[in-house]
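Trainee: My file is coords_37.csv. It has CSV, C-alpha atoms:
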```csv
chain,number,residue,atom,x,y,z
A,19,MET,CA,-21.4,-28.5,7.9
A,20,ILE,CA,-17.8,-28.8,9.1
A,21,GLU,CA,-16.9,-32.0,10.9
A,22,ALA,CA,-15.1,-32.1,14.3
A,23,ASN,CA,-12.1,-34.0,12.9
A,24,VAL,CA,-11.3,-31.4,10.3
A,25,ILE,CA,-8.1,-29.3,10.7
A,26,LEU,CA,-8.5,-25.6,10.0
A,27,LYS,CA,-6.1,-22.8,9.4
A,28,ARG,CA,-6.3,-19.1,8.6
A,29,CYS,CA,-6.1,-18.4,4.8
A,30,ALA,CA,-2.6,-17.2,3.8
A,31,ASP,CA,-3.9,-13.9,2.3
A,32,THR,CA,-6.0,-13.0,5.3
A,33,ARG,CA,-4.8,-10.5,7.9
A,34,TYR,CA,-6.7,-9.1,10.8
A,35,ARG,CA,-6.6,-6.6,13.6
A,36,ASN,CA,-8.5,-6.3,16.8
A,37,ILE,CA,-10.3,-3.0,17.1
A,38,GLY,CA,-12.4,-2.6,20.3
A,39,ASP,CA,-14.2,-5.8,20.9
A,40,GLU,CA,-14.4,-6.6,17.2
A,41,GLY,CA,-11.9,-7.2,14.5
A,42,VAL,CA,-11.3,-6.2,10.9
A,43,VAL,CA,-10.2,-8.9,8.5
A,44,VAL,CA,-8.6,-8.1,5.1
A,45,ARG,CA,-8.5,-10.6,2.3
A,46,GLN,CA,-5.5,-9.1,0.6
A,47,THR,CA,-5.7,-10.8,-2.8
A,48,VAL,CA,-9.3,-9.7,-3.5
A,49,GLY,CA,-9.3,-6.5,-1.5
A,50,GLU,CA,-12.2,-7.6,0.6
A,51,VAL,CA,-12.7,-6.3,4.1
A,52,LEU,CA,-14.9,-8.0,6.7
A,53,VAL,CA,-15.8,-7.2,10.3
A,54,LEU,CA,-15.8,-10.1,12.7
A,55,ASN,CA,-17.3,-10.2,16.2
A,56,GLU,CA,-15.3,-11.2,19.3
A,57,ILE,CA,-15.8,-14.9,18.7
A,58,GLY,CA,-14.6,-14.6,15.2
A,59,ILE,CA,-11.4,-12.8,16.2
A,60,ARG,CA,-10.8,-15.4,18.9
A,61,VAL,CA,-11.2,-18.1,16.3
A,62,LEU,CA,-8.6,-16.5,14.1
A,63,GLU,CA,-6.2,-16.1,17.1
A,64,LEU,CA,-6.6,-19.8,17.9
A,65,LEU,CA,-6.0,-20.6,14.2
A,66,GLU,CA,-2.6,-19.0,14.1
A,67,ALA,CA,-1.5,-22.6,14.1
A,68,ALA,CA,-3.5,-25.2,12.4
A,69,VAL,CA,-6.0,-26.6,14.8
A,70,SER,CA,-8.7,-29.3,14.7
A,71,VAL,CA,-12.3,-28.3,15.0
A,72,SER,CA,-12.6,-30.3,18.2
A,73,GLY,CA,-9.5,-28.6,19.6
A,74,LEU,CA,-11.0,-25.3,18.7
A,75,LEU,CA,-14.3,-26.2,20.4
A,76,ASP,CA,-12.4,-27.4,23.6
A,77,ALA,CA,-10.5,-24.1,23.7
A,78,LEU,CA,-13.6,-22.0,23.3
A,79,ASP,CA,-15.5,-24.2,25.8
A,80,ALA,CA,-12.9,-23.4,28.4
A,81,GLU,CA,-13.1,-19.6,27.8
A,82,TYR,CA,-16.9,-19.0,27.4
A,83,ASP,CA,-19.7,-19.7,29.8
A,84,ILE,CA,-22.0,-21.5,27.5
A,85,ASP,CA,-23.3,-25.1,27.3
A,86,ARG,CA,-21.4,-27.4,25.0
A,87,VAL,CA,-24.3,-28.3,22.8
A,88,THR,CA,-25.1,-24.6,22.0
A,89,LEU,CA,-21.4,-23.8,21.6
A,90,GLU,CA,-20.9,-26.6,19.1
A,91,ARG,CA,-24.0,-25.7,17.1
A,92,ASP,CA,-23.1,-22.0,16.9
A,93,VAL,CA,-19.4,-22.3,16.4
A,94,LEU,CA,-19.7,-25.0,13.7
A,95,ALA,CA,-22.1,-22.8,11.8
A,96,TYR,CA,-19.9,-19.8,12.2
A,97,LEU,CA,-16.8,-21.7,11.1
A,98,GLN,CA,-18.7,-22.7,7.9
A,99,GLU,CA,-19.4,-19.0,7.3
A,100,LEU,CA,-15.8,-18.2,7.7
A,101,VAL,CA,-14.8,-20.9,5.3
A,102,ASP,CA,-17.4,-19.7,2.8
A,103,ALA,CA,-16.0,-16.1,3.2
A,104,GLY,CA,-12.5,-17.3,2.4
A,105,VAL,CA,-11.2,-16.3,5.8
A,106,ILE,CA,-10.2,-19.8,7.0
A,107,GLU,CA,-9.7,-23.1,5.1
A,108,GLN,CA,-9.6,-26.8,5.7
A,109,VAL,CA,-6.2,-28.5,5.8
A,110,ALA,CA,-7.1,-32.1,6.1
A,111,ALA,CA,-9.9,-34.3,7.0
B,13,MET,CA,-3.8,-14.0,-14.2
B,14,SER,CA,-0.4,-12.9,-13.1
B,15,PHE,CA,0.9,-9.3,-12.9
B,16,GLY,CA,0.9,-7.4,-16.1
B,17,GLU,CA,-0.5,-10.2,-18.3
B,18,SER,CA,-3.6,-8.0,-19.2
B,19,PHE,CA,-1.4,-5.2,-20.6
B,20,LEU,CA,2.1,-6.4,-21.4
B,21,ASN,CA,3.5,-8.6,-24.1
B,22,TYR,CA,6.6,-9.4,-22.0
B,23,PRO,CA,5.7,-9.2,-18.3
B,24,ASP,CA,9.0,-10.9,-17.4
B,25,LEU,CA,10.8,-7.9,-18.9
B,26,PHE,CA,9.2,-5.4,-16.5
B,27,PRO,CA,11.9,-2.8,-15.6
B,28,ALA,CA,13.8,-3.8,-12.5
B,29,ARG,CA,15.0,-0.3,-11.7
B,30,SER,CA,14.4,3.3,-12.6
B,31,SER,CA,16.4,3.8,-15.8
B,32,GLY,CA,15.8,4.3,-19.5
B,33,GLU,CA,15.7,6.8,-22.2
B,34,PRO,CA,13.8,10.0,-21.4
B,35,TRP,CA,11.2,11.2,-23.9
B,36,GLY,CA,12.8,14.6,-23.7
B,37,ASP,CA,14.2,17.3,-21.4
B,38,GLU,CA,10.9,19.0,-20.5
B,39,ARG,CA,10.0,19.3,-16.8
B,40,VAL,CA,6.5,20.0,-15.4
B,41,MET,CA,6.2,21.0,-11.7
B,42,ILE,CA,2.7,20.5,-10.3
B,43,ARG,CA,1.8,21.9,-6.9
B,44,PHE,CA,-1.1,21.0,-4.7
B,45,ALA,CA,-1.9,20.0,-1.1
B,46,GLY,CA,1.4,21.6,0.0
B,47,ASN,CA,3.6,19.5,-2.2
B,48,VAL,CA,5.4,19.9,-5.5
B,49,TYR,CA,5.5,16.9,-7.8
B,50,ALA,CA,8.1,17.2,-10.6
B,51,TRP,CA,7.5,15.2,-13.8
B,52,VAL,CA,10.8,15.1,-15.7
B,53,GLY,CA,12.0,13.6,-19.0
B,54,LEU,CA,8.9,14.7,-20.9
B,55,SER,CA,8.7,15.5,-24.6
B,56,ALA,CA,7.5,18.9,-25.6
B,57,ILE,CA,4.0,17.6,-26.5
B,58,GLN,CA,3.8,15.6,-23.2
B,59,ALA,CA,4.7,18.7,-21.2
B,60,THR,CA,2.3,20.9,-23.1
B,61,THR,CA,-0.7,18.5,-22.6
B,62,ALA,CA,0.2,18.0,-19.0
B,63,ARG,CA,0.3,21.8,-18.4
B,64,GLN,CA,-3.1,22.1,-20.2
B,65,ARG,CA,-4.6,19.4,-18.0
B,66,PHE,CA,-3.3,20.7,-14.6
B,67,GLY,CA,-3.5,24.4,-15.5
B,68,GLU,CA,-2.9,26.8,-12.7
B,69,LEU,CA,-1.4,24.0,-10.5
B,70,CYS,CA,1.7,24.0,-12.7
B,71,LEU,CA,4.6,26.2,-11.7
B,72,PRO,CA,5.9,28.6,-14.4
B,73,PRO,CA,8.7,26.8,-16.4
B,74,ASP,CA,11.3,29.1,-15.0
B,75,GLU,CA,10.3,28.8,-11.4
B,76,GLU,CA,12.5,26.5,-9.3
B,77,SER,CA,11.0,24.8,-6.3
B,78,PRO,CA,12.1,21.7,-4.4
B,79,ALA,CA,10.1,18.7,-5.4
B,80,ALA,CA,8.6,16.3,-2.9
B,81,VAL,CA,8.6,13.5,-5.5
B,82,GLU,CA,10.3,13.3,-8.8
B,83,ILE,CA,8.6,11.3,-11.5
B,84,GLN,CA,10.8,10.2,-14.3
B,85,VAL,CA,9.3,9.4,-17.7
B,86,PHE,CA,11.0,7.0,-20.1
B,87,ARG,CA,10.3,5.7,-23.6
B,88,ALA,CA,8.9,2.3,-24.1
B,89,THR,CA,8.1,0.7,-27.5
B,90,ALA,CA,4.6,-0.1,-28.8
B,91,GLU,CA,5.8,-3.7,-28.9
B,92,ASP,CA,5.9,-3.8,-25.1
B,93,PHE,CA,2.2,-3.5,-24.9
B,94,PHE,CA,-0.9,-5.2,-26.1
B,95,ASP,CA,-2.4,-3.2,-28.9
B,96,ASN,CA,-5.9,-4.7,-29.2
B,97,GLU,CA,-7.7,-1.4,-29.8
B,98,ARG,CA,-8.8,-1.2,-26.2
B,99,VAL,CA,-10.0,2.2,-25.2
B,100,TRP,CA,-8.1,3.9,-22.4
B,101,SER,CA,-8.8,2.5,-19.1
B,102,PHE,CA,-8.6,3.3,-15.4
B,103,GLU,CA,-7.9,-0.3,-14.7
B,104,PHE,CA,-4.3,-1.4,-14.0
B,105,ASP,CA,-2.4,-4.1,-12.2
B,106,LEU,CA,-0.3,-3.5,-9.1
B,107,ASP,CA,2.3,-5.8,-7.6
B,108,TYR,CA,4.0,-5.3,-4.3
B,109,ALA,CA,7.4,-5.8,-2.7
B,110,PRO,CA,8.7,-4.5,0.6
B,111,ASP,CA,10.3,-1.4,-0.9
B,112,ALA,CA,8.6,-1.2,-4.3
B,113,VAL,CA,5.3,-1.1,-6.1
B,114,SER,CA,5.1,-2.1,-9.7
B,115,ILE,CA,2.2,-1.0,-12.0
B,116,ALA,CA,1.2,-2.2,-15.4
B,117,GLY,CA,-1.6,-0.5,-17.3
B,118,PHE,CA,-2.8,0.4,-20.8
B,119,HIS,CA,0.4,1.4,-22.7
B,120,PHE,CA,2.4,2.0,-19.6
B,121,MET,CA,4.6,0.4,-16.9
B,122,ALA,CA,5.6,2.2,-13.8
B,123,ARG,CA,7.3,1.6,-10.5
B,124,LEU,CA,7.6,3.3,-7.1
B,125,ASP,CA,10.8,2.6,-5.1
B,126,TRP,CA,11.7,3.6,-1.6
B,127,MET,CA,15.4,4.3,-1.5
B,128,PRO,CA,14.5,5.2,1.2
B,129,GLY,CA,12.8,8.3,-0.2
B,130,LEU,CA,10.0,7.8,-2.7
B,131,ARG,CA,11.1,7.6,-6.3
B,132,ALA,CA,8.8,7.2,-9.2
B,133,ALA,CA,9.3,6.1,-12.8
B,134,LEU,CA,7.0,5.6,-15.8
B,135,TRP,CA,7.7,3.9,-19.1
B,136,THR,CA,5.2,4.5,-21.9
B,137,SER,CA,4.9,4.2,-25.7
B,138,GLU,CA,2.5,7.2,-25.8
B,139,ASP,CA,3.8,10.6,-26.7
B,140,SER,CA,0.9,13.0,-27.6
B,141,ARG,CA,-1.6,10.8,-25.9
B,142,LEU,CA,0.1,10.4,-22.6
B,143,VAL,CA,-2.4,12.7,-20.9
B,144,SER,CA,-5.5,12.1,-23.0
B,145,HIS,CA,-5.2,8.3,-22.5
B,146,SER,CA,-5.1,8.9,-18.8
B,147,ILE,CA,-1.7,7.3,-18.4
B,148,PHE,CA,-0.3,10.4,-16.7
B,149,GLU,CA,-3.2,10.7,-14.3
B,150,ASN,CA,-3.5,7.0,-13.6
B,151,PHE,CA,0.1,6.9,-12.3
B,152,PHE,CA,-0.1,10.3,-10.7
B,153,ARG,CA,-3.0,9.1,-8.5
B,154,VAL,CA,-0.9,6.2,-7.3
B,155,VAL,CA,2.2,8.4,-6.6
B,156,VAL,CA,0.1,10.9,-4.6
B,157,ALA,CA,-1.6,8.2,-2.7
B,158,TYR,CA,1.7,6.7,-1.5
B,159,HIS,CA,3.3,10.1,-0.9
B,160,LEU,CA,0.4,11.2,1.2
B,161,PHE,CA,0.4,7.9,3.0
B,162,GLU,CA,4.1,8.4,3.9
B,163,GLN,CA,3.2,11.7,5.4
B,164,GLY,CA,0.7,10.1,7.7
B,165,GLY,CA,-2.3,10.9,5.5
B,166,VAL,CA,-4.8,8.9,3.5
B,167,LEU,CA,-6.1,9.3,0.0
B,168,LEU,CA,-9.8,8.4,0.3
B,169,HIS,CA,-12.4,7.6,-2.4
B,170,SER,CA,-14.7,10.4,-1.3
B,171,SER,CA,-16.6,13.5,-2.0
B,172,ALA,CA,-15.9,16.5,0.2
B,173,ALA,CA,-18.4,19.4,0.7
B,174,VAL,CA,-17.4,22.6,2.4
B,175,VAL,CA,-19.8,24.3,4.8
B,176,ASN,CA,-19.8,28.1,4.9
B,177,GLY,CA,-16.2,28.1,3.7
B,178,ASP,CA,-15.1,27.0,7.2
B,179,ASP,CA,-15.0,23.2,7.3
B,180,ALA,CA,-16.1,20.2,5.4
B,181,TYR,CA,-17.9,16.9,5.5
B,182,VAL,CA,-16.2,14.0,3.7
B,183,PHE,CA,-18.6,11.5,2.1
B,184,PHE,CA,-16.9,8.2,1.3
B,185,GLY,CA,-17.8,5.0,-0.4
B,186,PRO,CA,-16.9,2.7,-3.3
B,187,SER,CA,-17.9,3.4,-6.9
B,188,GLY,CA,-21.7,3.6,-7.1
B,189,ALA,CA,-22.1,4.7,-3.5
B,190,GLY,CA,-23.3,8.1,-4.6
B,191,LYS,CA,-20.3,10.4,-4.3
B,192,SER,CA,-21.0,12.3,-7.5
B,193,THR,CA,-24.7,12.4,-6.7
B,194,ILE,CA,-24.1,13.9,-3.2
B,195,SER,CA,-21.7,16.3,-4.8
B,196,TYR,CA,-24.4,17.6,-7.1
B,197,LEU,CA,-26.9,17.8,-4.2
B,198,SER,CA,-24.3,19.6,-2.1
B,199,PHE,CA,-23.4,22.1,-4.8
B,200,ALA,CA,-27.0,22.8,-5.5
B,201,THR,CA,-27.5,23.8,-1.8
B,202,GLY,CA,-24.6,26.2,-1.8
B,203,HIS,CA,-21.7,24.0,-0.7
B,204,ALA,CA,-18.4,24.1,-2.5
B,205,VAL,CA,-17.1,20.7,-3.6
B,206,LEU,CA,-13.4,19.9,-3.3
B,207,SER,CA,-13.7,16.7,-5.4
B,208,ASP,CA,-16.4,14.1,-6.0
B,209,ASP,CA,-13.9,11.2,-6.3
B,210,MET,CA,-10.6,11.5,-4.3
B,211,ASN,CA,-9.6,13.7,-1.4
B,212,ALA,CA,-6.7,13.8,0.9
B,213,LEU,CA,-7.1,13.4,4.6
B,214,ARG,CA,-4.2,14.7,6.7
B,215,VAL,CA,-3.9,14.6,10.5
B,216,THR,CA,-2.5,17.7,12.2
B,217,SER,CA,-2.2,18.4,15.9
B,218,ALA,CA,-5.2,20.7,15.7
B,219,ALA,CA,-7.5,18.9,13.4
B,220,VAL,CA,-8.0,16.3,10.6
B,221,MET,CA,-7.9,18.3,7.4
B,222,VAL,CA,-9.3,17.4,4.0
B,223,GLU,CA,-7.3,18.7,1.2
B,224,LYS,CA,-8.1,19.3,-2.4
B,225,LEU,CA,-6.5,17.0,-5.0
B,226,PRO,CA,-6.7,17.5,-8.8
B,227,PHE,CA,-8.5,14.2,-9.3
B,228,ALA,CA,-12.2,14.2,-9.8
B,229,GLY,CA,-15.1,12.1,-11.2
B,230,ASP,CA,-18.2,12.9,-13.1
B,231,PHE,CA,-19.2,15.9,-11.1
B,232,GLY,CA,-15.7,17.5,-10.8
B,233,GLN,CA,-14.6,20.3,-8.5
B,234,THR,CA,-16.0,23.7,-7.6
B,235,VAL,CA,-13.1,25.0,-5.6
B,236,GLY,CA,-10.5,26.7,-7.8
B,237,GLY,CA,-6.8,27.1,-7.4
B,238,ALA,CA,-4.1,25.0,-5.8
B,239,ASP,CA,-5.3,25.5,-2.2
B,240,GLY,CA,-8.2,24.0,-0.5
B,241,SER,CA,-7.7,22.6,3.0
B,242,TYR,CA,-10.5,22.4,5.6
B,243,PRO,CA,-11.0,20.9,9.0
B,244,VAL,CA,-13.2,17.8,8.7
B,245,ARG,CA,-16.5,17.8,10.7
B,246,ALA,CA,-17.3,14.1,10.1
B,247,LEU,CA,-16.6,11.2,7.8
B,248,CYS,CA,-19.8,9.8,6.4
B,249,ARG,CA,-20.0,6.4,4.7
B,250,LEU,CA,-22.6,6.7,1.9
B,251,GLU,CA,-25.6,4.5,1.4
B,252,LYS,CA,-28.6,5.2,-0.8
B,253,GLY,CA,-32.1,4.9,0.7
B,254,PRO,CA,-35.6,6.4,0.6
B,255,ASP,CA,-35.1,8.6,3.7
B,256,PRO,CA,-32.0,10.2,5.2
B,257,THR,CA,-30.6,8.6,8.3
B,258,LEU,CA,-27.4,9.0,10.2
B,259,GLN,CA,-26.0,6.2,12.2
B,260,ILE,CA,-22.8,5.8,14.3
B,261,LEU,CA,-20.4,3.3,12.9
B,262,ARG,CA,-18.7,1.1,15.5
B,263,PRO,CA,-14.9,1.4,15.5
B,264,ALA,CA,-14.2,-1.9,13.6
B,265,ALA,CA,-16.9,-1.2,11.0
B,266,ALA,CA,-15.6,2.4,10.6
B,267,VAL,CA,-12.0,1.2,10.0
B,268,ALA,CA,-13.2,-1.5,7.7
B,269,ALA,CA,-15.3,0.9,5.6
B,270,LEU,CA,-12.4,3.4,5.4
B,271,LEU,CA,-10.0,0.6,4.5
B,272,GLY,CA,-12.2,-0.3,1.6
B,273,CYS,CA,-11.9,3.2,0.3
B,274,ALA,CA,-8.2,3.7,0.5
B,275,PRO,CA,-7.2,2.8,-3.0
B,276,PHE,CA,-3.8,1.6,-4.1
B,277,ILE,CA,-2.6,1.1,-0.5
B,278,ASN,CA,-5.3,-1.2,0.8
B,279,ARG,CA,-4.1,-4.3,-1.1
B,280,ASN,CA,-0.4,-3.7,-0.3
B,281,PRO,CA,0.6,-6.3,2.3
B,282,TYR,CA,3.7,-4.4,3.2
B,283,ARG,CA,1.8,-1.2,4.1
B,284,ARG,CA,-1.2,-2.9,5.7
B,285,ASP,CA,-0.2,-2.4,9.4
B,286,GLN,CA,0.6,1.2,8.8
B,287,LEU,CA,-2.7,1.7,7.0
B,288,PHE,CA,-4.6,0.2,9.9
B,289,ASP,CA,-2.7,2.5,12.3
B,290,GLN,CA,-3.5,5.6,10.3
B,291,LEU,CA,-7.2,4.7,9.9
B,292,GLN,CA,-7.5,4.1,13.6
B,293,VAL,CA,-6.2,7.5,14.2
B,294,LEU,CA,-8.8,9.0,11.9
B,295,ASN,CA,-11.5,7.0,13.6
B,296,ALA,CA,-10.3,8.2,17.0
B,297,ARG,CA,-10.2,11.8,15.9
B,298,LEU,CA,-13.4,12.1,13.9
B,299,PRO,CA,-17.0,11.0,14.1
B,300,VAL,CA,-17.5,8.3,11.5
B,301,ARG,CA,-21.1,7.8,10.5
B,302,THR,CA,-23.2,6.0,7.9
B,303,LEU,CA,-25.3,8.5,6.0
B,304,THR,CA,-28.2,7.2,4.1
B,305,PHE,CA,-29.5,9.7,1.6
B,306,ALA,CA,-32.1,10.0,-1.1
B,307,ARG,CA,-31.9,12.2,-4.3
B,308,ASP,CA,-32.8,15.3,-2.4
B,309,ASP,CA,-31.1,17.7,0.0
B,310,ARG,CA,-32.8,16.5,3.3
B,311,PHE,CA,-29.6,14.9,4.4
B,312,TRP,CA,-28.1,18.4,5.0
B,313,ALA,CA,-30.8,19.1,7.6
B,314,LEU,CA,-30.0,15.8,9.2
B,315,LEU,CA,-26.3,16.5,9.3
B,316,ARG,CA,-26.9,19.8,11.0
B,317,SER,CA,-29.3,18.3,13.5
B,318,GLY,CA,-26.9,15.5,14.2
B,319,GLU,CA,-24.3,18.0,15.3
B,320,ASN,CA,-26.8,19.6,17.7
B,321,SER,CA,-28.0,16.3,19.2
```
When written as structure tokens, how does the structure in this file appear?
Mentor:
Amino acid sequence: MIEANVILKRCADTRYRNIGDEGVVVRQTVGEVLVLNEIGIRVLELLEAAVSVSGLLDALDAEYDIDRVTLERDVLAYLQELVDAGVIEQVAA
Amino acid sequence: MSFGESFLNYPDLFPARSSGEPWGDERVMIRFAGNVYAWVGLSAIQATTARQRFGELCLPPDEESPAAVEIQVFRATAEDFFDNERVWSFEFDLDYAPDAVSIAGFHFMARLDWMPGLRAALWTSEDSRLVSHSIFENFFRVVVAYHLFEQGGVLLHSSAAVVNGDDAYVFFGPSGAGKSTISYLSFATGHAVLSDDMNALRVTSAAVMVEKLPFAGDFGQTVGGADGSYPVRALCRLEKGPDPTLQILRPAAAVAALLGCAPFINRNPYRRDQLFDQLQVLNARLPVRTLTFARDDRFWALLRSGENS
């Protein structure tokens, strides 16, 4: 599981576009195409600049009406999925 | 592995511009989907085999017609390429720059340049085997994909089946999705097949049209001649399953699925935004569905009922 002090950024070969309330992500080097939900696209927007996980959680906490515990649990799991999918990556611990 | 390493002995010597020694002075003009593609600098045997391959799509040698794209063919030496007795292959490397695409494949190098119009050049060591080793067609597919894309269209990995000679369904999906299978099933139920592998989609003010291209897979094509352009009823992403189903694809999923089936363009970072734009237009103009089908013709009844629901 990703820790709160980790810095994340979008992978360099990843590009995305908002379409409706979802988004399409392309991993250019491998030709892989993914569909992300609203949260996933918002995460990528926030990661235009490298951001710590805690900073990301604070930003999402301010935007979404959800309790912090649930937010952290769901977002951390989702971030791990995005890392595993090669969409985002860790910069430094 | 870096660009060309699978095919070239000297990847660093990849041609930087469209120049070289032509194989000969033969010219083959090939017309389809409203465009003429001129292959120039061919040897006699290269021209003969190309005319045999593309048949009635070739203009008579004495007919002059302006070409949409000129494709120059130059000599390369056998030393330029690995010669490890590999069989011919549809695999090749592509490398991208803002105004160029470089291609390296089995016994060929090629490049597209925008100057600003599209220019195409091919270097090969193959004379009599240029066509039989698929070099000609491998590069031709890339040229057509980019030319069509420049015109606002998209080359799609797809099968297209014509309904009553009036309009068509386009079934798309990656290799193994069932394009050839659904082509067999469609033909068996009286539908003409434009191609079971690659079709052109072109947006007009009146409709999105699917156009026949001379590129096909295992099943082939059942519409003869150079023409073949039909309004598209729906784009159907193929999935195999026990029973036919038809489901709406959400916009993002539709664009993602189409993106995955737009070969040669979809990995080009310099054409990505334009590709997104053009696929979103397709998605806005046409129903995009997921069609699950089995090895029978029940899916046709489902498509017809889907239109009436």
Trainee: Would you write out, as JSON lines, a table of all residues in chain A that have an atom no more than 7 Å from an atom of chain B, listing for each the closest atom pair and the distance in Å to one decimal, considering only C-alpha atoms and ordering rows by chain and rising residue number?
Mentor:
```
{"residue": "A:Ile37", "atom": "CA", "partner": "B:Ala264", "partner_atom": "CA", "distance": 5.4}
{"residue": "A:Gly38", "atom": "CA", "partner": "B:Pro263", "partner_atom": "CA", "distance": 6.7}
{"residue": "A:Glu40", "atom": "CA", "partner": "B:Ala264", "partner_atom": "CA", "distance": 5.9}
{"residue": "A:Gly41", "atom": "CA", "partner": "B:Ala264", "partner_atom": "CA", "distance": 5.8}
{"residue": "A:Val42", "atom": "CA", "partner": "B:Ala264", "partner_atom": "CA", "distance": 5.8}
{"residue": "A:Gln46", "atom": "CA", "partner": "B:Arg279", "partner_atom": "CA", "distance": 5.3}
{"residue": "A:Thr47", "atom": "CA", "partner": "B:Arg279", "partner_atom": "CA", "distance": 6.9}
{"residue": "A:Gly49", "atom": "CA", "partner": "B:Arg279", "partner_atom": "CA", "distance": 5.7}
{"residue": "A:Val51", "atom": "CA", "partner": "B:Ala268", "partner_atom": "CA", "distance": 6.0}
{"residue": "A:Leu52", "atom": "CA", "partner": "B:Ala268", "partner_atom": "CA", "distance": 6.8}
{"residue": "A:Val53", "atom": "CA", "partner": "B:Ala265", "partner_atom": "CA", "distance": 6.1}
```
Trainee: Might you pull out every residue within 8 Å of segment 78-90 of chain B, with only C-alpha atoms counted and same-chain residues fewer than 6 positions away left off, and present them as an MDAnalysis selection string?
Mentor: chainID B and resid 30:35 41 47:54 119:120 130:137 159
Trainee: Find the residues around Val143 of chain B up to 10 Å (only C-alpha atoms counted), leave out those fewer than 2 positions away in its own chain, and share them as an NGL selection string.
Mentor: :B and (57-65 or 138-141 or 145-150)
Trainee: Quick one: distance from atom CA of Glu251 of chain B to atom CA of Ala189 of chain B in Å, one decimal?
Mentor: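 Atom-to-atom, atom CA of Glu251 of chain B to atom CA of Ala189 of chain B, that is 6.0 Å.
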Trainee: What is the distance between atom CA of Pro256 of chain B and atom CA of Thr304 of chain B, in Å to one decimal?
Mentor: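 For atom CA of Pro256 of chain B relative to atom CA of Thr304 of chain B, the distance reads 5.0 Å.
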